[in-house]
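Asker: Here's a structure for you.
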Amino acid sequence: MDETLLEAHIVYCQSRMLLDRGQYASWREIQDAYDDYKASLGPWSEAEILGFLEEDWGQDDARWPFTRRSIAEFFRSGERLLICQEPEPGAAAEGRE
């Protein structure tokens with residue numbers, strides 16, 4: 001398997017959150033790729049992403065933007081993006097009327 005597919009960036013946008021396996025030299029390149037970019041983390045391995053989500057969102061992956069299963073399937077696929085259409089929880093609830 002291509003070594004580059006073993007890591008992904010967590011990308012926070014205004015309209016969604018996603019995992020992106022694109023090759024970027026810096027966060028500025030990621031920012032250029034997404035019009036509504038807010039922030040990004042990584043690139044991280046599957047284990048590092050799971051650890052971050054557990055620490056940040058708790059053990060129950062039903063509360064996460066992506067489940068453990070969807071992350072595992074993503075890392076085993078040839079897909080470049082895994083997209084959660086909901087914006088960052090908390091920010092989404094505050095921004096909606």
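All residue names refer to the structure tokens as shown: chains lettered A, B, ... in order, residues numbered from 1 in each chain, ligands numbered from 1 in order.
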Just asking: which residues within segment 21-81 of chain A are helix (DSSP H, G or I) according to DSSP, as a PyMOL selection string?
Answerer: chain A and resi 27-33+46-57+61-63+68-76
Asker: Tell me, which residues of segment 3-58 of chain A carry DSSP strand (DSSP E or B), written as a PyMOL selection string?
Answerer: chain A and resi 7-13+17-20+37-45
Asker: Those residues with all heavy atoms, as a short mmCIF file (atom, residue, chain, number, x, y, z; two decimals), in the first residue's frame please?
Answerer:
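Okay, out11.cif is ready:
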data_model
loop_
_atom_site.label_atom_id
_atom_site.label_comp_id
_atom_site.auth_asym_id
_atom_site.auth_seq_id
_atom_site.Cartn_x
_atom_site.Cartn_y
_atom_site.Cartn_z
N GLU A 7 -1.87 8.20 6.13
CA GLU A 7 -2.08 9.38 6.96
C GLU A 7 -3.12 10.29 6.31
O GLU A 7 -3.29 10.28 5.09
CB GLU A 7 -0.78 10.16 7.15
CG GLU A 7 0.27 9.42 7.94
CD GLU A 7 1.49 10.27 8.21
OE1 GLU A 7 1.90 11.04 7.33
OE2 GLU A 7 2.03 10.15 9.32
N ALA A 8 -3.80 11.06 7.15
CA ALA A 8 -4.81 12.00 6.65
C ALA A 8 -4.79 13.25 7.52
O ALA A 8 -4.40 13.21 8.69
CB ALA A 8 -6.19 11.36 6.66
N HIS A 9 -5.24 14.33 6.94
CA HIS A 9 -5.44 15.57 7.67
C HIS A 9 -6.90 15.64 8.12
O HIS A 9 -7.80 15.26 7.36
CB HIS A 9 -5.18 16.79 6.77
CG HIS A 9 -3.78 16.92 6.31
ND1 HIS A 9 -2.83 17.64 7.00
CD2 HIS A 9 -3.15 16.42 5.23
CE1 HIS A 9 -1.68 17.58 6.36
NE2 HIS A 9 -1.85 16.85 5.28
N ILE A 10 -7.13 16.11 9.33
CA ILE A 10 -8.48 16.49 9.74
C ILE A 10 -8.63 17.94 9.32
O ILE A 10 -7.81 18.78 9.69
CB ILE A 10 -8.67 16.35 11.27
CG1 ILE A 10 -8.50 14.91 11.71
CG2 ILE A 10 -10.04 16.90 11.67
CD1 ILE A 10 -8.55 14.72 13.22
N VAL A 11 -9.66 18.22 8.52
CA VAL A 11 -9.86 19.58 8.02
C VAL A 11 -11.21 20.08 8.52
O VAL A 11 -12.24 19.45 8.31
CB VAL A 11 -9.82 19.63 6.47
CG1 VAL A 11 -10.00 21.05 5.98
CG2 VAL A 11 -8.51 19.03 5.95
N TYR A 12 -11.17 21.21 9.20
CA TYR A 12 -12.38 21.88 9.68
C TYR A 12 -12.72 23.00 8.70
O TYR A 12 -11.88 23.86 8.43
CB TYR A 12 -12.14 22.50 11.06
CG TYR A 12 -11.90 21.51 12.16
CD1 TYR A 12 -10.60 21.10 12.47
CD2 TYR A 12 -12.96 21.01 12.90
CE1 TYR A 12 -10.38 20.20 13.51
CE2 TYR A 12 -12.73 20.11 13.94
CZ TYR A 12 -11.44 19.71 14.23
OH TYR A 12 -11.22 18.82 15.25
N CYS A 13 -13.94 22.98 8.19
CA CYS A 13 -14.45 24.02 7.31
C CYS A 13 -15.72 24.59 7.92
O CYS A 13 -16.28 24.01 8.85
CB CYS A 13 -14.76 23.46 5.92
SG CYS A 13 -13.30 22.83 5.05
N MET A 17 -16.74 18.99 8.08
CA MET A 17 -15.46 18.51 8.60
C MET A 17 -15.09 17.32 7.74
O MET A 17 -15.97 16.56 7.32
CB MET A 17 -15.62 18.10 10.06
CG MET A 17 -14.36 17.63 10.72
SD MET A 17 -14.72 17.27 12.46
CE MET A 17 -13.18 16.54 12.94
N LEU A 18 -13.81 17.13 7.47
CA LEU A 18 -13.44 16.01 6.61
C LEU A 18 -12.06 15.48 6.93
O LEU A 18 -11.28 16.13 7.62
CB LEU A 18 -13.52 16.43 5.14
CG LEU A 18 -12.78 17.70 4.73
CD1 LEU A 18 -11.44 17.37 4.13
CD2 LEU A 18 -13.63 18.47 3.75
N LEU A 19 -11.82 14.27 6.44
CA LEU A 19 -10.49 13.69 6.46
C LEU A 19 -10.00 13.75 5.02
O LEU A 19 -10.71 13.35 4.11
CB LEU A 19 -10.51 12.25 6.96
CG LEU A 19 -11.03 12.03 8.37
CD1 LEU A 19 -10.97 10.54 8.73
CD2 LEU A 19 -10.25 12.85 9.38
N ASP A 20 -8.78 14.23 4.82
CA ASP A 20 -8.22 14.43 3.49
C ASP A 20 -6.84 13.81 3.43
O ASP A 20 -5.96 14.16 4.22
CB ASP A 20 -8.16 15.94 3.19
CG ASP A 20 -7.66 16.28 1.80
OD1 ASP A 20 -6.96 15.45 1.18
OD2 ASP A 20 -7.96 17.39 1.34
N TYR A 37 -12.32 27.04 4.57
CA TYR A 37 -11.34 26.48 5.51
C TYR A 37 -11.32 27.26 6.83
O TYR A 37 -11.36 28.49 6.83
CB TYR A 37 -9.96 26.52 4.87
CG TYR A 37 -8.82 26.11 5.76
CD1 TYR A 37 -8.40 24.79 5.80
CD2 TYR A 37 -8.13 27.04 6.54
CE1 TYR A 37 -7.34 24.41 6.60
CE2 TYR A 37 -7.07 26.67 7.34
CZ TYR A 37 -6.68 25.35 7.37
OH TYR A 37 -5.63 24.96 8.16
N LYS A 38 -11.26 26.52 7.94
CA LYS A 38 -11.08 27.13 9.26
C LYS A 38 -9.76 26.71 9.90
O LYS A 38 -9.04 27.53 10.43
CB LYS A 38 -12.24 26.76 10.18
CG LYS A 38 -13.54 27.44 9.81
CD LYS A 38 -14.73 26.97 10.61
CE LYS A 38 -14.52 26.74 12.06
NZ LYS A 38 -15.73 26.33 12.79
N ALA A 39 -9.48 25.40 9.88
CA ALA A 39 -8.27 24.87 10.53
C ALA A 39 -8.03 23.45 10.05
O ALA A 39 -8.91 22.81 9.49
CB ALA A 39 -8.44 24.89 12.05
N SER A 40 -6.83 22.94 10.34
CA SER A 40 -6.52 21.55 10.00
C SER A 40 -5.51 20.99 10.99
O SER A 40 -4.77 21.74 11.64
CB SER A 40 -6.00 21.43 8.57
OG SER A 40 -4.82 22.18 8.41
N LEU A 41 -5.51 19.68 11.11
CA LEU A 41 -4.59 18.95 11.97
C LEU A 41 -3.98 17.82 11.17
O LEU A 41 -4.62 17.24 10.30
CB LEU A 41 -5.35 18.36 13.17
CG LEU A 41 -6.09 19.36 14.06
CD1 LEU A 41 -7.02 18.61 15.02
CD2 LEU A 41 -5.11 20.22 14.82
N GLY A 42 -2.76 17.45 11.51
CA GLY A 42 -2.14 16.32 10.85
C GLY A 42 -1.06 16.74 9.86
O GLY A 42 -0.64 17.89 9.86
N PRO A 43 -0.64 15.79 9.05
CA PRO A 43 -1.25 14.50 8.79
C PRO A 43 -1.00 13.51 9.92
O PRO A 43 0.08 13.48 10.50
CB PRO A 43 -0.58 14.03 7.50
CG PRO A 43 0.77 14.67 7.53
CD PRO A 43 0.57 15.99 8.23
N TRP A 44 -2.03 12.72 10.19
CA TRP A 44 -1.98 11.73 11.26
C TRP A 44 -2.38 10.36 10.73
O TRP A 44 -3.13 10.23 9.77
CB TRP A 44 -2.96 12.10 12.37
CG TRP A 44 -2.56 13.28 13.19
CD1 TRP A 44 -1.33 13.86 13.27
CD2 TRP A 44 -3.40 14.03 14.06
NE1 TRP A 44 -1.36 14.92 14.14
CE2 TRP A 44 -2.62 15.05 14.64
CE3 TRP A 44 -4.74 13.94 14.41
CZ2 TRP A 44 -3.13 15.96 15.56
CZ3 TRP A 44 -5.24 14.85 15.32
CH2 TRP A 44 -4.46 15.84 15.88
N SER A 45 -1.90 9.34 11.43
CA SER A 45 -2.28 7.96 11.13
C SER A 45 -3.71 7.70 11.63
O SER A 45 -4.27 8.51 12.37
CB SER A 45 -1.33 7.00 11.84
OG SER A 45 -1.52 7.08 13.26
#
Asker: Quick check, in Å to one decimal: how far apart do atom CA of Gly78 of chain A and atom CA of Arg21 of chain A lie?
Answerer: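 One can read the atom CA of Gly78 of chain A to atom CA of Arg21 of chain A distance as 9.7 Å.
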Asker: Which value, in Å to one decimal, gives the distance between atom CA of Arg69 of chain A and atom CA of Glu46 of chain A?
Answerer: 11.1 Å
Asker: What gap, in Å, lies between atom CA of Gly22 of chain A and atom CA of Leu81 of chain A?
Answerer: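 Calculated distance between atom CA of Gly22 of chain A and atom CA of Leu81 of chain A is 8.3 Å.
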